[in-house]
$ cat input_17.csv   # CSV, C-alpha atoms and all ligand atoms
chain,number,residue,atom,x,y,z
Y,1,MET,CA,-39.6,-28.1,-74.2
Y,2,ARG,CA,-42.3,-30.7,-73.7
Y,3,LYS,CA,-44.8,-28.3,-75.4
Y,4,LEU,CA,-42.4,-27.8,-78.3
Y,5,LEU,CA,-42.1,-31.6,-78.7
Y,6,GLY,CA,-45.9,-31.8,-78.6
Y,7,ILE,CA,-46.2,-29.3,-81.4
Y,8,THR,CA,-43.7,-31.4,-83.4
Y,9,ASP,CA,-46.0,-34.4,-83.1
Y,10,ILE,CA,-48.9,-32.3,-84.3
Y,11,VAL,CA,-47.0,-31.0,-87.3
Y,12,ARG,CA,-45.9,-34.5,-88.2
Y,13,LYS,CA,-49.6,-35.4,-88.7
Y,14,PHE,CA,-49.9,-32.6,-91.2
Y,15,LEU,CA,-46.8,-33.3,-93.3
Y,16,ARG,CA,-46.4,-35.9,-96.0
Y,17,ILE,CA,-43.2,-36.4,-98.1
Y,18,GLN,CA,-43.8,-37.0,-101.7
Y,19,ILE,CA,-41.3,-39.5,-102.9
Y,20,GLU,CA,-39.5,-38.7,-106.2
Y,21,ASN,CA,-35.8,-39.9,-106.1
Y,22,GLY,CA,-36.1,-41.0,-102.4
Y,23,LEU,CA,-32.6,-39.9,-101.6
Y,24,SER,CA,-33.3,-37.3,-98.8
Y,25,THR,CA,-36.2,-39.1,-97.1
Y,26,SER,CA,-35.6,-41.4,-94.2
Y,27,PHE,CA,-37.3,-44.8,-94.7
Y,28,TRP,CA,-38.1,-45.2,-91.0
Y,29,GLN,CA,-38.4,-41.7,-89.6
Y,30,ASP,CA,-40.1,-39.4,-92.2
Y,31,PRO,CA,-43.8,-39.4,-92.9
Y,32,TRP,CA,-43.9,-40.6,-96.5
Y,33,THR,CA,-46.8,-43.1,-96.1
Y,34,ILE,CA,-50.2,-42.9,-94.6
Y,35,TYR,CA,-48.8,-44.4,-91.4
Y,36,GLY,CA,-46.5,-41.4,-90.6
Y,37,SER,CA,-43.1,-42.5,-89.2
Y,38,LEU,CA,-42.8,-46.2,-89.9
Y,39,LEU,CA,-40.6,-46.7,-87.0
Y,40,ARG,CA,-43.3,-45.3,-84.7
Y,41,TYR,CA,-46.0,-47.4,-86.4
Y,42,VAL,CA,-44.1,-50.7,-86.6
Y,43,GLY,CA,-41.8,-50.4,-83.6
Y,44,LEU,CA,-38.1,-50.9,-83.1
Y,45,THR,CA,-38.1,-54.4,-84.5
Y,46,GLY,CA,-39.0,-53.0,-88.0
Y,47,PRO,CA,-35.5,-52.4,-89.3
Y,48,ARG,CA,-34.4,-55.9,-88.5
Y,49,SER,CA,-37.6,-57.6,-89.8
Y,50,LEU,CA,-37.3,-55.7,-93.2
Y,51,ARG,CA,-33.5,-55.9,-93.2
Y,52,ILE,CA,-33.5,-52.1,-93.9
Y,53,PRO,CA,-31.1,-50.3,-91.5
Y,54,LEU,CA,-32.5,-47.4,-89.4
Y,55,SER,CA,-30.4,-44.9,-91.2
Y,56,SER,CA,-31.6,-45.9,-94.7
Y,57,SER,CA,-33.3,-43.6,-97.1
Y,58,VAL,CA,-36.3,-44.6,-99.1
Y,59,SER,CA,-34.2,-45.0,-102.2
Y,60,GLN,CA,-32.3,-47.8,-100.4
Y,61,ALA,CA,-35.4,-50.0,-100.2
Y,62,VAL,CA,-35.5,-50.3,-104.0
Y,63,ALA,CA,-33.7,-52.6,-106.4
Y,64,GLY,CA,-33.9,-51.6,-110.0
Y,65,ASP,CA,-37.4,-50.3,-110.6
Y,66,SER,CA,-39.2,-52.1,-107.8
Y,67,TRP,CA,-39.5,-52.3,-104.1
Y,68,LEU,CA,-37.3,-54.9,-102.4
Y,69,PHE,CA,-38.7,-56.4,-99.2
Y,70,PRO,CA,-38.3,-59.9,-97.6
Y,71,GLY,CA,-41.4,-61.9,-96.6
Y,72,VAL,CA,-42.8,-60.9,-93.2
Y,73,ARG,CA,-45.1,-62.5,-90.7
Y,74,LEU,CA,-46.2,-59.6,-88.6
Y,75,ASP,CA,-49.7,-58.3,-89.5
Y,76,ARG,CA,-48.7,-54.7,-89.1
Y,77,LEU,CA,-45.7,-55.0,-91.4
Y,78,GLN,CA,-47.7,-56.9,-94.0
Y,79,GLN,CA,-50.2,-54.0,-93.9
Y,80,VAL,CA,-47.4,-51.4,-94.3
Y,81,LEU,CA,-45.8,-53.3,-97.2
Y,82,ALA,CA,-49.2,-53.7,-99.0
Y,83,HIS,CA,-49.6,-49.9,-98.8
Y,84,ILE,CA,-46.0,-49.2,-100.0
Y,85,SER,CA,-46.6,-51.5,-103.0
Y,86,THR,CA,-49.2,-48.9,-104.1
Y,87,ILE,CA,-46.6,-46.1,-104.1
Y,88,PRO,CA,-44.4,-45.8,-107.3
Y,89,PRO,CA,-40.8,-46.7,-106.3
Y,90,PRO,CA,-38.4,-43.8,-106.3
Y,91,SER,CA,-36.4,-43.2,-109.5
Y,92,PRO,CA,-32.7,-42.2,-109.2
Y,93,ASP,CA,-33.2,-39.8,-112.1
Y,94,GLY,CA,-36.2,-38.1,-110.6
Y,95,PRO,CA,-36.3,-34.7,-108.9
Y,96,SER,CA,-35.8,-34.2,-105.1
Y,97,ASP,CA,-38.5,-35.4,-102.7
Y,98,SER,CA,-40.9,-32.6,-101.7
Y,99,ALA,CA,-43.0,-31.8,-98.6
Y,100,LEU,CA,-46.8,-31.7,-98.8
Y,101,TRP,CA,-49.2,-30.2,-96.3
Y,102,LYS,CA,-52.5,-31.7,-95.3
Y,103,TYR,CA,-55.4,-30.0,-97.1
Y,104,LYS,CA,-58.2,-32.4,-96.0
Y,105,GLU,CA,-58.4,-36.0,-94.9
Y,106,GLU,CA,-56.0,-38.0,-97.1
Y,107,ASP,CA,-55.5,-35.0,-99.4
Y,108,PHE,CA,-52.0,-33.4,-99.2
Y,109,ARG,CA,-51.0,-30.5,-101.4
Y,110,PRO,CA,-47.7,-28.7,-102.1
Y,111,TYR,CA,-48.7,-25.5,-100.3
Y,112,PHE,CA,-49.8,-24.5,-96.8
Y,113,SER,CA,-53.3,-23.2,-96.0
Y,114,SER,CA,-53.7,-21.7,-92.6
Y,115,SER,CA,-57.5,-21.7,-92.8
Y,116,ARG,CA,-57.5,-25.4,-93.8
Y,117,THR,CA,-55.0,-26.3,-91.1
Y,118,TRP,CA,-57.1,-24.4,-88.5
Y,119,ASN,CA,-60.2,-26.3,-89.5
Y,120,LEU,CA,-58.4,-29.6,-89.3
Y,121,THR,CA,-57.1,-29.0,-85.8
Y,122,ARG,CA,-60.2,-27.5,-84.2
Y,123,THR,CA,-63.5,-29.2,-83.0
Y,124,VAL,CA,-66.2,-27.9,-85.3
Y,125,HIS,CA,-69.4,-27.1,-83.4
Y,126,VAL,CA,-72.9,-26.5,-84.7
Y,127,ILE,CA,-73.3,-22.9,-85.9
Y,128,ALA,CA,-75.6,-20.9,-83.6
Y,129,PRO,CA,-78.8,-19.7,-85.5
Y,130,TRP,CA,-78.0,-16.1,-84.4
Y,131,SER,CA,-74.4,-16.1,-85.6
Y,132,SER,CA,-75.2,-14.0,-88.7
Y,133,ILE,CA,-76.6,-11.1,-86.6
Y,134,VAL,CA,-73.5,-11.0,-84.5
Y,135,TRP,CA,-70.7,-11.8,-87.0
Y,136,PHE,CA,-71.1,-10.1,-90.4
Y,137,PRO,CA,-68.9,-8.2,-92.9
Y,138,LEU,CA,-68.0,-4.7,-91.7
Y,139,ALA,CA,-69.3,-5.4,-88.2
Y,140,ILE,CA,-67.4,-3.3,-85.6
Y,141,PRO,CA,-65.3,-5.9,-83.8
Y,142,ARG,CA,-65.9,-4.4,-80.3
Y,143,HIS,CA,-69.6,-4.4,-80.8
Y,144,ALA,CA,-69.6,-7.9,-82.3
Y,145,PHE,CA,-67.7,-9.2,-79.3
Y,146,LEU,CA,-70.1,-7.6,-76.8
Y,147,HIS,CA,-73.1,-8.7,-78.9
Y,148,TRP,CA,-71.7,-12.3,-78.8
Y,149,GLN,CA,-71.6,-12.1,-75.0
Y,150,VAL,CA,-75.1,-10.7,-74.9
Y,151,MET,CA,-76.5,-13.6,-77.0
Y,152,LEU,CA,-74.8,-16.1,-74.6
Y,153,SER,CA,-76.0,-14.1,-71.6
Y,154,ARG,CA,-72.5,-13.7,-70.4
Y,155,LEU,CA,-72.2,-9.9,-69.8
Y,156,PRO,CA,-71.3,-9.1,-66.2
Y,157,THR,CA,-74.7,-7.6,-65.5
Y,158,LYS,CA,-75.5,-6.5,-62.0
Y,159,ASP,CA,-77.7,-9.5,-61.2
Y,160,ARG,CA,-74.7,-11.8,-62.1
Y,161,LEU,CA,-72.3,-9.7,-60.1
Y,162,GLN,CA,-74.7,-10.0,-57.1
Y,163,GLN,CA,-74.8,-13.8,-57.5
Y,164,TRP,CA,-71.0,-13.8,-57.4
Y,165,GLY,CA,-70.9,-11.6,-54.3
Y,166,ILE,CA,-69.2,-8.7,-56.0
Y,167,THR,CA,-72.0,-6.2,-55.4
Y,168,SER,CA,-74.9,-6.1,-53.1
Y,169,ASP,CA,-77.0,-3.7,-55.2
Y,170,ALA,CA,-78.4,-5.1,-58.5
Y,171,THR,CA,-80.6,-2.2,-59.3
Y,172,CYS,CA,-80.5,-0.9,-62.9
Y,173,ARG,CA,-78.8,2.5,-63.0
Y,174,LEU,CA,-80.7,3.6,-66.2
Y,175,CYS,CA,-84.2,3.4,-64.6
Y,176,ASP,CA,-83.5,2.8,-60.9
Y,177,GLY,CA,-86.4,0.3,-61.1
Y,178,GLU,CA,-85.8,-3.4,-61.6
Y,179,ASP,CA,-82.7,-5.5,-61.3
Y,180,GLU,CA,-80.2,-5.2,-64.1
Y,181,SER,CA,-80.3,-8.5,-66.1
Y,182,HIS,CA,-79.7,-9.2,-69.8
Y,183,GLN,CA,-83.4,-9.1,-70.6
Y,184,HIS,CA,-84.0,-6.0,-68.5
Y,185,LEU,CA,-80.9,-4.1,-69.8
Y,186,PHE,CA,-81.9,-4.4,-73.5
Y,187,PHE,CA,-85.6,-4.7,-73.5
Y,188,GLY,CA,-87.2,-4.5,-70.1
Y,189,CYS,CA,-85.6,-1.2,-69.0
Y,190,THR,CA,-87.9,1.8,-69.8
Y,191,TYR,CA,-84.9,3.9,-70.9
Y,192,ALA,CA,-83.3,1.2,-73.1
Y,193,SER,CA,-86.5,-0.1,-74.6
Y,194,HIS,CA,-87.5,3.5,-75.5
Y,195,LEU,CA,-84.3,3.9,-77.4
Y,196,TRP,CA,-84.6,0.5,-79.1
Y,197,ARG,CA,-88.2,1.0,-80.2
Y,198,HIS,CA,-87.5,4.6,-81.4
Y,199,PHE,CA,-84.6,3.6,-83.6
Y,200,GLY,CA,-85.9,0.1,-84.5
Y,201,GLU,CA,-89.2,1.5,-85.8
Y,202,VAL,CA,-87.4,3.8,-88.2
Y,203,CYS,CA,-86.6,0.6,-90.2
Y,204,TRP,CA,-89.5,-1.7,-89.6
Y,205,ALA,CA,-92.6,-1.9,-87.4
Y,206,ASP,CA,-92.9,-3.9,-84.2
Y,207,PRO,CA,-89.3,-4.3,-83.0
Y,208,PRO,CA,-89.2,-7.5,-80.9
Y,209,SER,CA,-88.9,-7.3,-77.2
Y,210,ASP,CA,-86.5,-10.2,-76.5
Y,211,LEU,CA,-83.2,-11.5,-77.9
Y,212,VAL,CA,-84.6,-14.6,-79.6
Y,213,GLY,CA,-87.2,-12.5,-81.4
Y,214,ILE,CA,-84.5,-10.4,-83.1
Y,215,LEU,CA,-83.6,-13.3,-85.3
Y,216,ALA,CA,-87.1,-14.1,-86.4
Y,217,TRP,CA,-87.7,-10.3,-87.0
Y,218,LEU,CA,-84.7,-10.0,-89.3
Y,219,SER,CA,-85.6,-13.2,-91.1
Y,220,ARG,CA,-89.1,-12.3,-92.0
Y,221,PRO,CA,-89.3,-12.6,-95.9
Y,222,ASP,CA,-90.2,-8.9,-96.4
Y,223,HIS,CA,-87.3,-7.8,-94.0
Y,224,ALA,CA,-84.8,-10.3,-95.4
Y,225,ALA,CA,-85.4,-8.8,-98.9
Y,226,SER,CA,-84.3,-5.4,-97.7
Y,227,ARG,CA,-80.6,-6.2,-97.4
Y,228,ASN,CA,-79.4,-2.7,-96.7
Y,229,ARG,CA,-82.0,-2.1,-94.0
Y,230,ARG,CA,-81.1,-5.5,-92.5
Y,231,LYS,CA,-77.5,-4.3,-92.2
Y,232,ILE,CA,-78.6,-1.1,-90.5
Y,233,VAL,CA,-80.7,-2.9,-88.0
Y,234,LYS,CA,-77.9,-5.4,-87.2
Y,235,ARG,CA,-75.5,-2.5,-86.5
Y,236,LEU,CA,-78.2,-0.6,-84.6
Y,237,PHE,CA,-78.9,-3.6,-82.3
Y,238,ALA,CA,-75.1,-4.4,-81.9
Y,239,SER,CA,-74.4,-0.8,-80.8
Y,301,ZN,ZN,-83.5,-0.3,-66.2
$ encode --input "input_17.csv" --output "structure tokens" --more "lines below"
Ligand SMILES: [Zn+2]
Amino acid sequence: MRKLLGITDIVRKFLRIQIENGLSTSFWQDPWTIYGSLLRYVGLTGPRSLRIPLSSSVSQAVAGDSWLFPGVRLDRLQQVLAHISTIPPPSPDGPSDSALWKYKEEDFRPYFSSSRTWNLTRTVHVIAPWSSIVWFPLAIPRHAFLHWQVMLSRLPTKDRLQQWGITSDATCRLCDGEDESHQHLFFGCTYASHLWRHFGEVCWADPPSDLVGILAWLSRPDHAASRNRRKIVKRLFAS
């Protein structure tokens, strides 16, 4: 229940009521100004200070064709009234009030965009320089996910399992030589490096021998120009 109430608070920040006739919008409860719920912003003394009852609609704060407010001393109320004075007063002949969704900061629109809303709720981090070789159109999701773990060195390779006390033997099963680490598994291992060089050289000469080198290799001007070949190498490496 507490979580649901928390979600309601989040949704409230993304909703703005556009005032038309003001009949269905609560003056104190609904988010029709930049301050959200005026009752929350001003406090419980607001209705008495403005002489507008808690149950009033926005249309009840208007006389004729202008807003009707008494003089107030509280800074916060003065600030709210200054803002409301910039909003056209509701017209009794106008259409019904409508809900708008946040599109970007102080830009509300009459439709909901899930991508915009997601971007407004999340913390945006710097894009990793290698992101385009992991996530690209038509990438196989399972390969992309594994590739992402590889670039972060987060695969459960044997050297890590040994550190965690899950296994005592970290020897690479492909070559039975060195310990199985990220660098070894993809480039150091005689078996894996043989496969990588064999297929990599089909596309371009000198396939790199470490993860960081892949990005520079793909970005070389002569390689970047061959878009189809670039796609093949990306898929080859991911698989
Ligand atoms: Zn090996």
$ residues_around --input "input_17.csv" --residues "segment 92-107 of chain Y" --least-positions-apart "5" --cutoff "10 Å" --atoms "all atoms listed in the file" --output "PyMOL selection string"
chain Y and resi 11-25+31-32+34+59+64-65+112-117+119-120
$ closest_residue --input "input_17.csv" --among "Y:His83, Y:Phe27, Y:Gly36, Y:Trp164" --to "Val62 of chain Y" --atoms "all atoms listed in the file"
Y:Phe27
$ residues_near_ligand --input "input_17.csv" --ligand "ligand ZN 301 (chain Y)" --cutoff "8 Å" --atoms "all atoms listed in the file" --output "ChimeraX atom specification"
/Y:171-180,184-185,188-192
$ closest_residue --input "input_17.csv" --among "Y:Gln183, Y:Pro221, Y:Pro129, Y:Ser49" --to "Ser209 of chain Y" --atoms "only C-alpha atoms"
Y:Gln183
$ atom_distance --input "input_17.csv" --atom1 "atom CA of Thr33 of chain Y" --atom2 "atom CA of Ile84 of chain Y"
7.3 Å
$ atom_distance --input "input_17.csv" --atom1 "atom CA of Trp130 of chain Y" --atom2 "atom CA of His182 of chain Y"
16.2 Å
$ atom_distance --input "input_17.csv" --atom1 "atom CA of Ser57 of chain Y" --atom2 "atom CA of Gln29 of chain Y"
9.3 Å
$ closest_residue --input "input_17.csv" --among "Y:Leu44, Y:Asp206, Y:Leu215, Y:Ser91" --to "Gln60 of chain Y" --atoms "all atoms listed in the file"
Y:Ser91
$ residues_near_point --input "input_17.csv" --point "(-74.0, -9.1, -76.4)" --cutoff "10 Å" --atoms "all atoms listed in the file" --output "VMD selection string"
chain Y and resid 134 143 to 155 182 186 211 237 to 239
$ closest_residue --input "input_17.csv" --among "Y:His194, Y:Arg109, Y:Arg76, Y:Arg160" --to "Val42 of chain Y" --atoms "only C-alpha atoms"
Y:Arg76
$ closest_residue --input "input_17.csv" --among "Y:Ile52, Y:Leu38, Y:Ile127, Y:Leu68" --to "Val80 of chain Y" --atoms "only C-alpha atoms"
Y:Leu38
$ build_atoms --input "input_17.csv" --residues "segment 82-112 of chain Y" --atoms "N, CA and C atoms" --output "PDB file, in the coordinates of the input"
ATOM      1  N   ALA Y  82     -48.112 -53.737 -97.964  1.00  0.00           N
ATOM      2  CA  ALA Y  82     -49.200 -53.700 -99.000  1.00  0.00           C
ATOM      3  C   ALA Y  82     -49.450 -52.277 -99.399  1.00  0.00           C
ATOM      4  N   HIS Y  83     -49.360 -51.354 -98.441  1.00  0.00           N
ATOM      5  CA  HIS Y  83     -49.600 -49.900 -98.800  1.00  0.00           C
ATOM      6  C   HIS Y  83     -48.413 -49.405 -99.639  1.00  0.00           C
ATOM      7  N   ILE Y  84     -47.170 -49.731 -99.221  1.00  0.00           N
ATOM      8  CA  ILE Y  84     -46.000 -49.200-100.000  1.00  0.00           C
ATOM      9  C   ILE Y  84     -46.037 -49.720-101.410  1.00  0.00           C
ATOM     10  N   SER Y  85     -46.567 -50.930-101.598  1.00  0.00           N
ATOM     11  CA  SER Y  85     -46.600 -51.500-103.000  1.00  0.00           C
ATOM     12  C   SER Y  85     -47.474 -50.642-103.887  1.00  0.00           C
ATOM     13  N   THR Y  86     -48.348 -49.798-103.304  1.00  0.00           N
ATOM     14  CA  THR Y  86     -49.200 -48.900-104.100  1.00  0.00           C
ATOM     15  C   THR Y  86     -48.498 -47.618-104.485  1.00  0.00           C
ATOM     16  N   ILE Y  87     -47.331 -47.365-103.864  1.00  0.00           N
ATOM     17  CA  ILE Y  87     -46.600 -46.100-104.100  1.00  0.00           C
ATOM     18  C   ILE Y  87     -45.539 -46.403-105.196  1.00  0.00           C
ATOM     19  N   PRO Y  88     -45.455 -45.579-106.239  1.00  0.00           N
ATOM     20  CA  PRO Y  88     -44.400 -45.800-107.300  1.00  0.00           C
ATOM     21  C   PRO Y  88     -43.035 -45.762-106.628  1.00  0.00           C
ATOM     22  N   PRO Y  89     -42.167 -46.747-106.886  1.00  0.00           N
ATOM     23  CA  PRO Y  89     -40.800 -46.700-106.300  1.00  0.00           C
ATOM     24  C   PRO Y  89     -40.048 -45.497-106.778  1.00  0.00           C
ATOM     25  N   PRO Y  90     -39.142 -44.970-105.933  1.00  0.00           N
ATOM     26  CA  PRO Y  90     -38.400 -43.800-106.300  1.00  0.00           C
ATOM     27  C   PRO Y  90     -37.493 -44.074-107.534  1.00  0.00           C
ATOM     28  N   SER Y  91     -37.280 -43.038-108.320  1.00  0.00           N
ATOM     29  CA  SER Y  91     -36.400 -43.200-109.500  1.00  0.00           C
ATOM     30  C   SER Y  91     -35.154 -42.368-109.283  1.00  0.00           C
ATOM     31  N   PRO Y  92     -33.981 -42.948-109.435  1.00  0.00           N
ATOM     32  CA  PRO Y  92     -32.700 -42.200-109.200  1.00  0.00           C
ATOM     33  C   PRO Y  92     -32.586 -40.987-110.071  1.00  0.00           C
ATOM     34  N   ASP Y  93     -33.262 -40.964-111.216  1.00  0.00           N
ATOM     35  CA  ASP Y  93     -33.200 -39.800-112.100  1.00  0.00           C
ATOM     36  C   ASP Y  93     -34.226 -38.742-111.821  1.00  0.00           C
ATOM     37  N   GLY Y  94     -35.093 -39.014-110.862  1.00  0.00           N
ATOM     38  CA  GLY Y  94     -36.200 -38.100-110.600  1.00  0.00           C
ATOM     39  C   GLY Y  94     -35.735 -36.859-109.815  1.00  0.00           C
ATOM     40  N   PRO Y  95     -36.633 -35.869-109.656  1.00  0.00           N
ATOM     41  CA  PRO Y  95     -36.300 -34.700-108.900  1.00  0.00           C
ATOM     42  C   PRO Y  95     -36.213 -35.019-107.368  1.00  0.00           C
ATOM     43  N   SER Y  96     -35.888 -34.023-106.571  1.00  0.00           N
ATOM     44  CA  SER Y  96     -35.800 -34.200-105.100  1.00  0.00           C
ATOM     45  C   SER Y  96     -37.189 -34.494-104.529  1.00  0.00           C
ATOM     46  N   ASP Y  97     -37.228 -35.187-103.420  1.00  0.00           N
ATOM     47  CA  ASP Y  97     -38.500 -35.400-102.700  1.00  0.00           C
ATOM     48  C   ASP Y  97     -39.030 -34.043-102.239  1.00  0.00           C
ATOM     49  N   SER Y  98     -40.351 -33.937-102.093  1.00  0.00           N
ATOM     50  CA  SER Y  98     -40.900 -32.600-101.700  1.00  0.00           C
ATOM     51  C   SER Y  98     -41.898 -32.845-100.519  1.00  0.00           C
ATOM     52  N   ALA Y  99     -42.092 -31.756 -99.759  1.00  0.00           N
ATOM     53  CA  ALA Y  99     -43.000 -31.800 -98.600  1.00  0.00           C
ATOM     54  C   ALA Y  99     -44.405 -31.364 -99.027  1.00  0.00           C
ATOM     55  N   LEU Y 100     -45.418 -32.077 -98.562  1.00  0.00           N
ATOM     56  CA  LEU Y 100     -46.800 -31.700 -98.800  1.00  0.00           C
ATOM     57  C   LEU Y 100     -47.484 -31.428 -97.484  1.00  0.00           C
ATOM     58  N   TRP Y 101     -48.473 -30.491 -97.507  1.00  0.00           N
ATOM     59  CA  TRP Y 101     -49.200 -30.200 -96.300  1.00  0.00           C
ATOM     60  C   TRP Y 101     -50.631 -30.745 -96.416  1.00  0.00           C
ATOM     61  N   LYS Y 102     -51.163 -31.167 -95.280  1.00  0.00           N
ATOM     62  CA  LYS Y 102     -52.500 -31.700 -95.300  1.00  0.00           C
ATOM     63  C   LYS Y 102     -53.531 -30.654 -95.643  1.00  0.00           C
ATOM     64  N   TYR Y 103     -54.374 -30.941 -96.617  1.00  0.00           N
ATOM     65  CA  TYR Y 103     -55.400 -30.000 -97.100  1.00  0.00           C
ATOM     66  C   TYR Y 103     -56.764 -30.448 -96.540  1.00  0.00           C
ATOM     67  N   LYS Y 104     -57.029 -31.753 -96.637  1.00  0.00           N
ATOM     68  CA  LYS Y 104     -58.200 -32.400 -96.000  1.00  0.00           C
ATOM     69  C   LYS Y 104     -57.813 -33.845 -95.783  1.00  0.00           C
ATOM     70  N   GLU Y 105     -58.706 -34.639 -95.234  1.00  0.00           N
ATOM     71  CA  GLU Y 105     -58.400 -36.000 -94.900  1.00  0.00           C
ATOM     72  C   GLU Y 105     -57.819 -36.728 -96.196  1.00  0.00           C
ATOM     73  N   GLU Y 106     -56.635 -37.269 -96.057  1.00  0.00           N
ATOM     74  CA  GLU Y 106     -56.000 -38.000 -97.100  1.00  0.00           C
ATOM     75  C   GLU Y 106     -55.831 -37.184 -98.434  1.00  0.00           C
ATOM     76  N   ASP Y 107     -55.736 -35.884 -98.291  1.00  0.00           N
ATOM     77  CA  ASP Y 107     -55.500 -35.000 -99.400  1.00  0.00           C
ATOM     78  C   ASP Y 107     -54.384 -34.034 -99.048  1.00  0.00           C
ATOM     79  N   PHE Y 108     -53.182 -34.272 -99.561  1.00  0.00           N
ATOM     80  CA  PHE Y 108     -52.000 -33.400 -99.200  1.00  0.00           C
ATOM     81  C   PHE Y 108     -51.624 -32.632-100.456  1.00  0.00           C
ATOM     82  N   ARG Y 109     -51.279 -31.349-100.243  1.00  0.00           N
ATOM     83  CA  ARG Y 109     -51.000 -30.500-101.400  1.00  0.00           C
ATOM     84  C   ARG Y 109     -49.645 -29.742-101.134  1.00  0.00           C
ATOM     85  N   PRO Y 110     -49.022 -29.230-102.220  1.00  0.00           N
ATOM     86  CA  PRO Y 110     -47.700 -28.700-102.100  1.00  0.00           C
ATOM     87  C   PRO Y 110     -47.639 -27.257-101.485  1.00  0.00           C
ATOM     88  N   TYR Y 111     -48.737 -26.782-100.908  1.00  0.00           N
ATOM     89  CA  TYR Y 111     -48.700 -25.500-100.300  1.00  0.00           C
ATOM     90  C   TYR Y 111     -49.450 -25.553 -98.933  1.00  0.00           C
ATOM     91  N   PHE Y 112     -49.188 -24.544 -98.097  1.00  0.00           N
ATOM     92  CA  PHE Y 112     -49.800 -24.500 -96.800  1.00  0.00           C
ATOM     93  C   PHE Y 112     -50.962 -23.592 -96.716  1.00  0.00           C
TER      94      PHE Y 112
END
